[in-house]
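To keep things clear, I will list the structure first and then write my remarks on it.
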Amino acid sequence: MRELTLYAVVFIASAASATYHGFNYAAQGNDYESFYRQFSLSTSLPGTASFSSARLYTMIQEGGNNTVIEAIPAALATNTKLLLGLWTSVDGDGFAKELAALECAMSLYGSQGLSDLVIGISVGSEDLYRSSVLGASSGSGPGQDISVLVDYIQKVRTLLQGSVLQHVPVGVSISNWSN
């Protein structure tokens with residue numbers, strides 16, 4: 001049986017020195033109200049008073065082509081820190097939609113304090129694991145090669161230049177799996 005023993009976000013840029021605790025949130029089945037409710041609840045659960053951050057896997061709201069995920073305005077309303085995610089297990093057109101949603105989020109929410117909430121940007125979710133022999137043998141789904149991820153990270157960094165998120169670290173998430 002495989003067990004997730006460590007989750008880490010590796011930043012190629014300088015790493016943030018603060019520690020954040022929170023939960024992972026997918027776009028599927030969530031809208032503004034459900035994100036708001038979950039973000040509010042996360043700090044009130046027993047033992048989770050410091051869980052005031054959220055990791056997102058995509059910038060795109062479920063059902064939208066490149067519509068900004070509704071977790072962002074919910075995070076602004078609840079003062080929830082965000083590790084933004086851009087889904088990379090798609091083709092170049094799919095990733096371009098992720099970039100468009102990120103750009104739109106900066107335009108829509110940049111003046112509302114987005115830069116105070118975003119603690120980092122994760123380009124991909126376990127793509128290196130899923131594209132490895134181990135990932136393929138466990139049926140983990142498609143991933144991206146490191147050369148593609150490096151290209152995508154550079155595209156994000158280029159987009160951030162001169163923006164409200166220009167100082168946010170950008171990297172890739174990885175997991176350490178063991179038997």
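Residues in the structure tokens are named by chain (A, B, ... in the order shown) and by number from 1 within that chain; ligands are numbered from 1 in the order shown.
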Hey, what's within 12 Å of Leu45 of chain A if we count only C-alpha atoms and toss same-chain stuff fewer than 6 positions away? As a ChimeraX atom specification, please?
/A:22-23,38-39,51-52
Where does DSSP see alpha helix (DSSP H) in segment 12-86 of chain A, if you list the residues as a ChimeraX atom specification?
/A:32-42,71-78
With distances taken over only C-alpha atoms, the candidate from A:Ala100, A:Leu84, A:Ala27, A:Val150 nearest Leu165 of chain A is A:Leu84
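With only C-alpha atoms as the atoms that count, the minimum distance from Ser115 of chain A to the choices A:Pro46, A:Gly29, A:Pro142, A:Pro169 is reached by A:Pro169.
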With only C-alpha atoms as the atoms that count, which of A:Ala96, A:Val90, A:Ala101, A:Ile119 lies nearest to Asp145 of chain A?
A:Val90
From segment 2-175 of chain A, collect each residue whose DSSP state is strand (DSSP E or B) and return the set as number ranges by chain.
A: 3-11, 21-25, 51-56, 60, 68, 81-86, 118-125, 170-175
From A:Asn65, A:Ser42, A:Thr158, A:Ser34, residue lying nearest Asn79 of chain A [only C-alpha atoms]:
A:Ser42
